[in-house]
>>> print(open('my_file.txt').read())   # compact mmCIF, C-alpha atoms
# COMPACT_ATOMS: atom_id res chain seq x y z
CA MET A 5 78.78 112.14 102.55
CA SER A 6 82.11 111.43 100.94
CA LEU A 7 84.59 114.23 100.44
CA LEU A 8 85.93 112.44 97.44
CA ASP A 9 83.08 111.70 95.07
CA SER A 10 83.25 114.85 92.94
CA LYS A 11 85.84 117.34 91.78
CA TRP A 12 83.72 120.17 93.19
CA LYS A 13 83.78 118.70 96.71
CA LEU A 14 87.52 118.17 96.42
CA ALA A 15 87.94 121.77 95.23
CA LEU A 16 85.88 122.84 98.26
CA THR A 17 88.30 121.03 100.59
CA GLY A 18 91.10 122.88 98.79
CA ALA A 19 89.27 126.15 99.46
CA VAL A 20 89.11 125.21 103.16
CA PHE A 21 92.89 124.71 103.06
CA GLY A 22 93.13 128.21 101.60
CA ILE A 23 91.01 129.67 104.40
CA LEU A 24 93.15 127.90 107.03
CA ALA A 25 96.31 129.28 105.38
CA VAL A 26 94.78 132.77 105.40
CA VAL A 27 94.00 132.40 109.13
CA LEU A 28 97.63 131.52 109.85
CA ALA A 29 98.90 134.40 107.69
CA LEU A 30 96.60 136.89 109.42
CA LEU A 31 97.65 135.61 112.85
CA GLY A 32 101.35 136.12 112.19
CA ASN A 33 102.85 133.57 109.80
CA PRO A 34 104.90 135.09 106.96
CA GLY A 35 102.49 136.14 104.18
CA ASN A 36 103.51 133.93 101.29
CA MET A 37 104.89 131.28 103.64
CA ALA A 38 101.61 130.83 105.56
CA ILE A 39 102.08 127.10 105.22
CA CYS A 40 105.26 125.64 103.80
CA VAL A 41 106.19 122.09 104.74
CA ALA A 42 109.84 122.43 103.68
CA CYS A 43 110.30 125.82 105.38
CA PHE A 44 108.63 124.64 108.58
CA ILE A 45 110.62 121.39 108.84
CA ARG A 46 113.69 123.57 108.21
CA ASP A 47 112.58 125.88 111.06
CA ILE A 48 112.13 122.85 113.35
CA ALA A 49 115.64 121.65 112.42
CA GLY A 50 116.85 125.12 113.42
CA ALA A 51 114.87 125.15 116.67
CA MET A 52 116.43 121.82 117.62
CA LYS A 53 119.85 123.29 116.76
CA LEU A 54 120.49 120.75 114.02
CA HIS A 55 121.48 123.90 112.15
CA THR A 56 122.15 127.38 113.51
CA ALA A 57 120.86 129.72 110.78
CA ALA A 58 119.52 132.41 113.10
CA PRO A 59 116.57 133.67 110.99
CA VAL A 60 114.98 130.22 110.54
CA GLN A 61 114.66 128.68 114.00
CA TYR A 62 111.23 128.00 115.46
CA PHE A 63 109.46 124.80 116.50
CA ARG A 64 106.56 125.01 114.03
CA PRO A 65 103.33 123.53 115.45
CA GLU A 66 102.02 123.15 111.87
CA ILE A 67 104.16 120.06 111.26
CA VAL A 68 103.00 118.53 114.56
CA GLY A 69 99.38 119.29 113.70
CA PHE A 70 99.53 117.84 110.18
CA VAL A 71 100.91 114.51 111.45
CA LEU A 72 98.66 114.33 114.53
CA GLY A 73 95.56 115.42 112.57
CA SER A 74 96.14 112.56 110.15
CA PHE A 75 96.89 110.17 113.03
CA ILE A 76 93.74 111.04 114.98
CA ILE A 77 91.33 110.93 112.02
CA SER A 78 92.78 107.68 110.72
CA VAL A 79 92.47 106.03 114.15
CA LEU A 80 88.88 107.30 114.53
CA THR A 81 87.89 106.05 111.07
CA LYS A 82 89.77 102.76 111.55
CA GLU A 83 92.02 103.53 108.57
CA TYR A 84 95.18 103.56 110.69
CA ARG A 85 97.65 100.80 109.69
CA THR A 86 101.25 100.54 110.81
CA THR A 87 103.30 99.55 107.78
CA GLY A 88 106.94 99.67 106.87
CA GLY A 89 109.90 97.96 105.25
CA SER A 90 109.68 99.33 101.71
CA ALA A 91 113.22 100.54 100.96
CA PRO A 92 113.53 102.85 103.99
CA MET A 93 117.02 104.14 103.23
CA ILE A 94 116.12 105.01 99.63
CA ARG A 95 113.10 106.88 100.99
CA PHE A 96 115.45 108.70 103.40
CA ILE A 97 117.53 109.87 100.42
CA LEU A 98 114.41 110.93 98.53
CA GLY A 99 113.27 112.94 101.57
CA PHE A 100 116.74 114.50 101.79
CA SER A 101 116.76 115.42 98.09
CA MET A 102 113.22 116.84 98.22
CA MET A 103 114.33 119.16 101.01
CA VAL A 104 117.53 120.32 99.32
CA GLY A 105 115.64 120.99 96.06
CA ALA A 106 112.95 122.90 97.96
CA LEU A 107 115.48 125.03 99.84
CA VAL A 108 117.29 125.92 96.61
CA PHE A 109 113.97 127.15 95.18
CA LEU A 110 112.94 128.49 98.62
CA GLY A 111 109.71 126.57 99.19
CA CYS A 112 107.95 123.24 98.93
CA PRO A 113 105.26 122.68 96.26
CA LEU A 114 102.68 124.15 98.64
CA ARG A 115 104.63 127.38 99.03
CA MET A 116 105.21 127.40 95.26
CA LEU A 117 101.43 127.59 94.89
CA LEU A 118 101.21 130.30 97.59
CA ARG A 119 103.89 132.31 95.79
CA MET A 120 102.05 131.85 92.48
CA SER A 121 98.86 133.15 94.07
CA ALA A 122 100.76 136.25 95.24
CA GLY A 123 101.97 136.97 91.68
CA ASP A 124 105.55 135.73 92.15
CA LEU A 125 106.56 134.88 88.58
CA ASN A 126 109.59 132.94 89.84
CA ALA A 127 107.17 130.34 91.19
CA TYR A 128 105.60 129.96 87.74
CA ILE A 129 109.09 129.34 86.35
CA ALA A 130 109.67 126.78 89.12
CA LEU A 131 106.37 125.06 88.22
CA ILE A 132 107.93 124.19 84.84
CA GLY A 133 110.71 122.37 86.68
CA PHE A 134 108.32 120.72 89.14
CA ALA A 135 106.06 119.42 86.34
CA GLY A 136 109.17 118.25 84.47
CA GLY A 137 110.34 116.34 87.56
CA VAL A 138 106.92 114.77 88.07
CA GLY A 139 106.88 113.87 84.35
CA THR A 140 110.29 112.20 84.63
CA GLY A 141 109.15 110.24 87.69
CA THR A 142 105.97 109.20 85.87
CA PHE A 143 108.07 107.98 82.91
CA PHE A 144 109.98 105.66 85.25
CA LEU A 145 106.73 104.50 86.92
CA LYS A 146 105.47 103.43 83.50
CA LYS A 147 108.76 101.58 82.96
CA GLY A 148 108.14 99.54 86.13
CA TYR A 149 109.76 101.60 88.90
CA SER A 150 108.78 100.36 92.35
CA LEU A 151 110.30 100.44 95.83
CA GLY A 152 108.47 97.20 96.63
CA ARG A 153 105.81 96.39 99.19
CA SER A 154 105.55 97.66 102.72
CA ASN A 155 104.33 95.13 105.29
CA SER A 156 102.30 95.23 108.45
CA ILE A 157 104.69 95.88 111.35
CA SER A 158 104.47 96.43 115.12
CA SER A 159 101.94 99.18 115.83
CA THR A 160 104.42 100.82 118.23
CA ASP A 161 106.59 101.66 115.23
CA GLY A 162 103.88 103.86 113.71
CA TYR A 163 103.33 105.75 116.98
CA VAL A 164 106.95 106.93 117.20
CA LEU A 165 106.79 110.01 114.96
CA PRO A 166 103.39 111.34 116.16
CA ALA A 167 104.39 110.76 119.81
CA ALA A 168 107.84 112.30 119.37
CA LEU A 169 106.38 115.39 117.69
CA LEU A 170 103.80 115.78 120.47
CA VAL A 171 106.44 115.54 123.21
CA LEU A 172 108.75 117.97 121.37
CA PHE A 173 105.85 120.39 120.85
CA ILE A 174 105.03 120.34 124.58
CA LEU A 175 108.71 120.96 125.34
CA SER A 176 108.71 123.83 122.85
CA ILE A 177 105.93 125.69 124.64
CA CYS A 178 106.85 124.75 128.25
CA THR A 179 110.63 125.10 128.21
CA SER A 180 113.33 127.23 126.63
CA LEU A 181 115.13 124.21 125.20
CA PHE A 182 114.62 125.24 121.59
CA ALA A 183 116.01 128.20 119.67
CA ILE A 184 113.62 130.89 118.41
CA SER A 185 114.58 133.43 115.75
CA GLU A 186 114.56 137.08 116.85
CA LYS A 187 114.17 138.30 113.27
CA GLY A 188 113.52 136.76 109.88
CA PRO A 189 110.87 134.18 108.89
CA GLY A 190 111.36 132.13 112.08
CA SER A 191 110.32 135.10 114.20
CA MET A 192 107.01 135.42 112.35
CA HIS A 193 104.43 132.97 113.58
CA ALA A 194 100.84 132.66 114.66
CA PRO A 195 100.18 131.74 118.35
CA ALA A 196 101.28 128.16 118.95
CA LEU A 197 98.06 126.61 120.29
CA ILE A 198 95.82 128.20 117.65
CA THR A 199 98.30 127.09 115.00
CA LEU A 200 98.19 123.54 116.34
CA VAL A 201 94.37 123.48 116.14
CA VAL A 202 94.38 124.88 112.59
CA ALA A 203 97.02 122.34 111.56
CA LEU A 204 95.08 119.46 113.17
CA ILE A 205 92.06 120.38 111.01
CA PHE A 206 94.28 120.74 107.95
CA GLY A 207 95.94 117.37 108.60
CA ALA A 208 92.61 115.60 109.15
CA ILE A 209 91.14 116.96 105.90
CA ALA A 210 94.36 116.15 104.03
CA GLN A 211 94.12 112.56 105.26
CA LYS A 212 90.60 112.34 103.81
CA ASN A 213 91.08 114.17 100.51
CA ARG A 214 94.57 112.70 99.85
CA VAL A 215 95.98 116.05 98.71
CA CYS A 216 99.35 115.63 97.05
CA PHE A 217 101.05 118.28 94.98
CA ALA A 218 103.16 115.80 93.03
CA GLY A 219 100.33 113.25 92.80
CA SER A 220 97.94 115.80 91.33
CA ILE A 221 100.20 116.43 88.33
CA ARG A 222 101.27 112.77 88.13
CA ASP A 223 97.62 111.65 87.88
CA VAL A 224 97.06 114.07 85.00
CA PHE A 225 100.10 112.72 83.13
CA LEU A 226 99.37 109.09 83.94
CA MET A 227 95.59 108.78 83.86
CA ARG A 228 94.19 112.11 82.68
CA ASP A 229 92.66 112.30 86.17
CA PHE A 230 92.15 115.89 87.36
CA SER A 231 90.53 115.16 90.74
CA LEU A 232 93.58 115.84 92.96
CA LEU A 233 94.40 118.89 90.85
CA SER A 234 90.95 120.31 91.65
CA ILE A 235 91.99 120.54 95.35
CA LEU A 236 94.90 122.75 94.36
CA GLY A 237 92.54 124.82 92.20
CA GLY A 238 90.29 125.57 95.19
CA PHE A 239 93.32 126.41 97.33
CA PHE A 240 94.80 128.69 94.67
CA VAL A 241 91.55 130.63 94.12
CA ILE A 242 91.12 131.41 97.83
CA MET A 243 94.74 132.49 98.20
CA LEU A 244 94.52 134.63 95.05
CA ILE A 245 91.42 136.40 96.41
CA PHE A 246 93.15 136.90 99.77
CA ASN A 247 96.32 138.30 98.20
CA ILE A 248 94.41 140.73 96.00
CA ALA A 249 92.15 141.84 98.87
CA HIS A 250 95.10 142.13 101.27
CA GLY A 251 97.18 144.13 98.79
CA SER A 252 99.90 141.48 98.74
CA PHE A 253 99.45 140.51 95.07
CA LYS A 254 102.34 141.76 92.96
CA LEU A 255 103.02 140.31 89.52
CA SER A 256 106.81 140.40 89.16
CA PHE A 257 110.07 138.51 89.28
CA THR A 258 111.74 140.94 91.65
CA GLY A 259 110.77 142.39 95.01
CA GLN A 260 109.07 139.17 96.12
CA PRO A 261 109.50 138.15 99.77
CA VAL A 262 111.97 135.31 100.45
CA ALA A 263 112.57 134.54 96.78
CA HIS A 264 115.24 134.80 94.12
CA ALA A 265 115.06 135.11 90.33
CA GLN A 266 117.80 132.63 89.36
CA HIS A 267 115.53 130.87 86.87
CA ILE A 268 117.67 127.87 86.08
CA TRP A 269 118.02 127.03 89.79
CA ASN A 270 114.34 127.60 90.50
CA ILE A 271 113.62 125.13 87.70
CA LEU A 272 116.25 122.56 88.72
CA GLY A 273 115.43 122.82 92.44
CA MET A 274 111.77 122.08 91.85
CA TYR A 275 112.64 119.46 89.19
CA LEU A 276 114.49 117.62 91.96
CA VAL A 277 111.49 117.97 94.30
CA GLY A 278 108.99 116.73 91.69
CA PHE A 279 111.13 113.78 90.56
CA SER A 280 111.94 112.71 94.15
CA ALA A 281 108.32 113.11 95.26
CA VAL A 282 106.96 110.81 92.56
CA LEU A 283 109.56 108.15 93.35
CA ALA A 284 108.75 108.47 97.09
CA GLY A 285 104.99 108.15 96.45
CA GLY A 286 104.09 111.69 97.53
CA CYS A 287 105.12 115.31 98.07
CA PRO A 288 106.44 116.61 101.42
CA MET A 289 102.89 117.32 102.68
CA ARG A 290 101.66 113.87 101.65
CA GLN A 291 104.62 112.23 103.44
CA LEU A 292 103.55 113.90 106.70
CA ILE A 293 99.97 112.65 106.24
CA LEU A 294 101.07 109.11 105.37
CA ALA A 295 103.41 109.13 108.39
CA GLY A 296 100.43 110.13 110.57
CA GLN A 297 98.30 107.26 109.29
CA GLY A 298 100.98 104.74 110.22
CA SER A 299 103.54 104.56 107.40
CA ALA A 300 106.95 104.09 109.01
CA ASP A 301 108.43 104.42 105.51
CA SER A 302 107.01 107.94 105.23
CA SER A 303 108.27 108.70 108.75
CA VAL A 304 111.76 107.83 107.50
CA THR A 305 111.18 110.13 104.52
CA VAL A 306 110.24 112.92 106.95
CA ILE A 307 113.46 112.29 108.93
CA GLY A 308 115.30 112.51 105.59
CA MET A 309 113.72 115.92 105.06
CA LEU A 310 114.74 117.05 108.57
CA ILE A 311 118.36 116.00 108.06
CA GLY A 312 118.27 117.46 104.53
CA ALA A 313 117.21 120.81 106.00
CA ALA A 314 120.00 120.70 108.59
CA CYS A 315 122.61 119.87 105.93
CA ALA A 316 121.22 122.50 103.54
CA HIS A 317 121.94 125.23 106.10
CA ASN A 318 125.06 123.76 107.74
CA PHE A 319 126.81 123.33 104.39
CA GLY A 320 125.46 126.42 102.62
CA LEU A 321 123.28 124.54 100.11
CA ALA A 322 120.12 126.57 100.74
CA SER A 323 119.59 129.62 98.54
CA SER A 324 119.67 133.13 99.87
CA ALA A 325 116.77 135.45 99.08
CA ALA A 326 117.25 138.44 96.78
CA ALA A 327 117.41 141.71 98.72
CA ALA A 328 117.04 145.35 97.74
CA ALA A 329 119.80 147.81 98.56
CA THR A 330 119.71 149.42 102.00
CA GLU A 331 121.66 152.30 103.53
CA THR A 332 124.29 149.87 104.78
CA ALA A 333 124.26 147.06 102.19
CA PRO A 334 124.10 146.83 98.39
CA ALA A 335 121.35 144.92 96.60
CA THR A 336 121.87 141.15 96.26
CA VAL A 337 120.40 138.87 93.60
CA GLY A 338 120.19 135.85 95.90
CA GLY A 339 120.07 132.26 94.69
CA PRO A 340 122.09 129.16 95.49
CA SER A 341 125.79 129.12 96.33
CA PRO A 342 128.13 127.04 94.14
CA ALA A 343 127.80 124.28 96.77
CA GLY A 344 124.01 124.42 96.46
CA GLN A 345 124.25 124.19 92.67
CA VAL A 346 126.56 121.15 92.87
CA ALA A 347 124.24 119.52 95.42
CA VAL A 348 121.18 119.92 93.18
CA ILE A 349 122.96 118.45 90.14
CA ALA A 350 124.46 115.61 92.20
CA LEU A 351 121.13 114.77 93.83
CA ILE A 352 119.32 114.79 90.47
CA ALA A 353 121.93 112.21 89.33
CA VAL A 354 121.33 110.17 92.50
CA VAL A 355 117.56 110.22 91.99
CA PHE A 356 118.03 109.06 88.37
CA LEU A 357 120.17 106.22 89.73
CA ILE A 358 117.40 105.29 92.17
CA ALA A 359 114.83 105.35 89.35
CA VAL A 360 116.95 103.19 87.04
CA THR A 361 118.02 100.63 89.62
CA ASN A 362 114.58 99.99 91.09
CA GLN A 363 112.80 98.62 88.05
CA LYS A 364 110.65 95.59 88.74
CA LYS A 365 108.74 93.40 86.35
CA ILE A 366 105.07 93.70 87.21
CA GLU A 367 103.33 90.31 87.18
CA ILE A 368 99.59 90.09 87.59
CA MET B 30 82.16 79.14 86.83
CA SER B 31 85.69 80.43 86.30
CA GLU B 32 88.01 81.01 89.24
CA ILE B 33 88.17 84.52 90.72
CA LYS B 34 91.55 86.07 89.92
CA GLU B 35 93.22 87.79 92.88
CA ILE B 36 95.16 91.00 92.29
CA ASN B 37 97.33 91.70 95.33
CA VAL B 38 98.27 95.38 95.66
CA ARG B 39 98.98 95.25 99.41
CA GLY B 40 101.69 97.62 100.59
CA LEU B 41 102.45 99.22 97.22
CA SER B 42 103.02 102.99 96.99
CA CYS B 43 100.74 105.22 94.93
CA PRO B 44 100.03 105.05 92.06
CA GLU B 45 101.17 101.42 91.57
CA PRO B 46 97.90 99.83 92.83
CA VAL B 47 95.82 101.80 90.32
CA MET B 48 98.29 101.09 87.49
CA ILE B 49 98.22 97.36 88.26
CA THR B 50 94.42 97.29 88.48
CA SER B 51 94.26 99.14 85.17
CA MET B 52 96.53 96.53 83.59
CA ALA B 53 94.41 93.74 85.06
CA LEU B 54 91.24 95.25 83.56
CA LYS B 55 92.76 94.85 80.11
CA LYS B 56 94.45 91.48 80.66
CA TYR B 57 91.47 89.76 82.30
CA LYS B 58 88.61 91.46 80.46
CA GLY B 59 85.29 89.78 81.27
CA GLN B 60 86.70 87.75 84.21
CA MET B 61 85.80 88.05 87.89
CA LEU B 62 88.58 89.82 89.79
CA LYS B 63 89.21 90.78 93.37
CA VAL B 64 91.74 93.45 94.24
CA ILE B 65 93.19 93.13 97.73
CA ALA B 66 94.50 96.36 99.25
CA SER B 67 95.91 97.07 102.70
CA GLU B 68 95.22 100.81 102.90
CA ALA B 69 92.02 102.83 102.71
CA HIS B 70 93.28 105.43 100.24
CA VAL B 71 94.32 102.64 97.86
CA CYS B 72 90.85 101.09 98.16
CA ILE B 73 89.28 104.47 97.31
CA ASN B 74 91.63 105.05 94.36
CA VAL B 75 90.81 101.62 92.91
CA GLN B 76 87.08 102.29 93.33
CA LYS B 77 87.51 105.59 91.51
CA LEU B 78 89.24 103.82 88.61
CA LEU B 79 86.40 101.30 88.37
CA LYS B 80 83.75 104.04 88.46
CA SER B 81 85.52 105.88 85.63
CA ASN B 82 85.34 102.62 83.63
CA ASN B 83 81.62 102.17 84.50
CA ILE B 84 82.35 98.93 86.34
CA SER B 85 80.16 98.06 89.34
CA PHE B 86 81.91 96.52 92.33
CA ASP B 87 81.53 95.27 95.91
CA VAL B 88 83.82 96.27 98.76
CA SER B 89 84.36 94.07 101.81
CA ASN B 90 86.90 93.65 104.59
CA GLU B 91 89.04 90.58 105.16
CA GLY B 92 90.90 91.11 108.42
CA ASP B 93 92.70 94.43 108.01
CA ASP B 94 92.55 94.24 104.21
CA TYR B 95 90.07 95.79 101.79
CA VAL B 96 88.71 93.55 99.03
CA ILE B 97 87.15 95.07 95.91
CA SER B 98 85.32 92.47 93.77
CA PHE B 99 84.12 93.10 90.21
CA GLN B 100 83.87 91.75 86.69
CA ALA B 101 86.53 93.27 84.45
>>> encode(input="my_file.txt", output="structure tokens")
Amino acid sequence: MSLLDSKWKLALTGAVFGILAVVLALLGNPGNMAICVACFIRDIAGAMKLHTAAPVQYFRPEIVGFVLGSFIISVLTKEYRTTGGSAPMIRFILGFSMMVGALVFLGCPLRMLLRMSAGDLNAYIALIGFAGGVGTGTFFLKKGYSLGRSNSISSTDGYVLPAALLVLFILSICTSLFAISEKGPGSMHAPALITLVVALIFGAIAQKNRVCFAGSIRDVFLMRDFSLLSILGGFFVIMLIFNIAHGSFKLSFTGQPVAHAQHIWNILGMYLVGFSAVLAGGCPMRQLILAGQGSADSSVTVIGMLIGAACAHNFGLASSAAAAATETAPATVGGPSPAGQVAVIALIAVVFLIAVTNQKKIEI
Amino acid sequence: MSEIKEINVRGLSCPEPVMITSMALKKYKGQMLKVIASEAHVCINVQKLLKSNNISFDVSNEGDDYVISFQA
């Protein structure tokens, strides 16, 4: 049986993703951050002390599981291919910009969907920006944008990221090398080994169903193809049911966990993510899956995201969340700092430059 | 018998392989084509495009590559 031959089966795989996210949320992950690729790479950057933002430091097994799940299933099904050499440094920049955009919004496209399912209206605003970014990327694809071909390379090259993540994960549970948050999102996590197993299943399914948050909208714009979007539909429905049943559904702009209501920056942050993701050939989640199935180019994109996360916190580019007043502190509206705003605008300009300067005449 | 036209989409990022195959369907209408892909997900995406155009096809392996043969 193929997982891919009908929209209903694809939606079912999306529903399984939803159930896995619910499991992680119930076991301790932050509610509307049950799975967030950008947040979790950011937490790993913090754990490895590439940044020192105390609330967001934890070596997230989810990222390890996504890459290894894809690696294992692709080896077992003989789909594993080590490839590389398609504009690696441009892909690094696209990974970097995806991360900065995501941390200005406060979430990757996956968390945007989780926030939407919990009634966070800021995420619906951000979706406008994300779809706009994907639309802009699709425009340049139609004009002939391409980063060129990747080639078959030494198989050792493709093993580097999965092996490194496995070794670092073992170190994270056997030693005290890495930082762990005492409070904040980094302190909230499901047990490591269970998380790894859940993420392995998630990664293996994602390798088979090709889930991609940017690709799903891109395919609608480009080919009127709704199949990838049906995965997100299944995921959204399960999370919506969970949030309503769990009492965590609240339709509002304010009072949402780890969010801000600076609409223009939610739109521009996710515009940057959507635009970069289309030019990189996939969203942050898809990059992890492609890296697992042997793409050294996607591994470089993932490293770009890791460094992007470190820079976002070291240089104050990441947004702060809105907070209600307490006995000791006044209410804050949250949102990006001036540096974060400049970074988003500058990176959007850089991504436009990448799109314009990588036009190739397609000859068939 | 006319020569089989090869469409090489090896190593291209999504969605370029599907876009190129779609262009080839129009440019070489009625001709025998074979699309050569290096990755499984590309092979599946091309098959999906052909199914949506009601085109029957054969899939084979040549070394590590996937070859999808059909009449456009």
>>> closest_residue(input="my_file.txt", among="B:Phe86, B:Glu91, B:Ile97, B:Glu68", to="Gln297 of chain A", atoms="all atoms listed in the file")
B:Glu68
>>> residues_around(input="my_file.txt", residues="segment 158-172 of chain A", least_positions_apart="4", cutoff="6 Å", atoms="all atoms listed in the file", output="PyMOL selection string")
chain A and resi 68+72+86+298+300
>>> interface_residues(input="my_file.txt", of="chain B", to="chain A", cutoff="12 Å", atoms="all atoms listed in the file", output="PyMOL selection string")
chain B and resi 34-57+62-64+66-74+76-78+80-82+90+92-95
>>> atom_distance(input="my_file.txt", atom1="atom CA of Gly18 of chain A", atom2="atom CA of Ser323 of chain A")
29.3 Å
>>> atom_distance(input="my_file.txt", atom1="atom CA of Trp269 of chain A", atom2="atom CA of Ala38 of chain A")
23.1 Å
>>> atom_distance(input="my_file.txt", atom1="atom CA of Leu233 of chain A", atom2="atom CA of Leu114 of chain A")
12.5 Å
>>> axis_aligned_box(input="my_file.txt", around="segment 61-67 of chain B", padding_each_side="4 Å", output="AutoDock Vina command-line options")
--center_x 90.9 --center_y 92.6 --center_z 95.3 --size_x 18.1 --size_y 17.0 --size_z 22.8
>>> residues_around(input="my_file.txt", residues="segment 332-343 of chain A", least_positions_apart="5", cutoff="10 Å", atoms="all atoms listed in the file", output="short mmCIF file (atom, residue, chain, number, x, y, z; two decimals) with C-alpha atoms, in the coordinates of the input")
data_model
loop_
_atom_site.label_atom_id
_atom_site.label_comp_id
_atom_site.auth_asym_id
_atom_site.auth_seq_id
_atom_site.Cartn_x
_atom_site.Cartn_y
_atom_site.Cartn_z
CA LEU A 107 115.48 125.03 99.84
CA VAL A 108 117.29 125.92 96.61
CA PHE A 109 113.97 127.15 95.18
CA LEU A 110 112.94 128.49 98.62
CA THR A 258 111.74 140.94 91.65
CA VAL A 262 111.97 135.31 100.45
CA ALA A 263 112.57 134.54 96.78
CA HIS A 264 115.24 134.80 94.12
CA ALA A 265 115.06 135.11 90.33
CA GLN A 266 117.80 132.63 89.36
CA HIS A 267 115.53 130.87 86.87
CA ILE A 268 117.67 127.87 86.08
CA TRP A 269 118.02 127.03 89.79
CA ASN A 270 114.34 127.60 90.50
CA GLY A 273 115.43 122.82 92.44
CA ALA A 316 121.22 122.50 103.54
CA PHE A 319 126.81 123.33 104.39
CA GLY A 320 125.46 126.42 102.62
CA LEU A 321 123.28 124.54 100.11
CA ALA A 322 120.12 126.57 100.74
CA SER A 323 119.59 129.62 98.54
CA SER A 324 119.67 133.13 99.87
CA ALA A 325 116.77 135.45 99.08
CA ALA A 326 117.25 138.44 96.78
CA ALA A 327 117.41 141.71 98.72
CA VAL A 348 121.18 119.92 93.18
#
>>> residues_around(input="my_file.txt", residues="Ala101 of chain B", least_positions_apart="5", cutoff="6 Å", atoms="only C-alpha atoms", output="PyMOL selection string")
chain B and resi 54+58-60
>>> residues_near_point(input="my_file.txt", point="(83.9, 120.8, 96.8)", cutoff="12 Å", atoms="only C-alpha atoms", output="NGL selection string")
:A and (5-21 or 213 or 231-232 or 234-239)
>>> residues_around(input="my_file.txt", residues="Cys43 of chain A", least_positions_apart="4", cutoff="10 Å", atoms="all atoms listed in the file", output="list in words")
Met37, Ile39, Asp47, Ile48, Ala49, Val60, Arg64, Met103, Ala106, Leu107, Leu110, Gly111, Cys112, Arg115, Pro189, Gly190 and Ala313 of chain A
>>> residues_around(input="my_file.txt", residues="His250 of chain A", least_positions_apart="4", cutoff="10 Å", atoms="all atoms listed in the file", output="list of chain:residue names")
A:Leu30, A:Gly35, A:Leu244, A:Ile245, A:Phe246
>>> write_last_selection(input="my_file.txt", atoms="C-alpha atoms", output="PDB file, in the frame of the given file")
ATOM      1  CA  LEU A  30      96.600 136.890 109.420  1.00  0.00           C
ATOM      2  CA  GLY A  35     102.490 136.140 104.180  1.00  0.00           C
ATOM      3  CA  LEU A 244      94.520 134.630  95.050  1.00  0.00           C
ATOM      4  CA  ILE A 245      91.420 136.400  96.410  1.00  0.00           C
ATOM      5  CA  PHE A 246      93.150 136.900  99.770  1.00  0.00           C
TER       6      PHE A 246
END
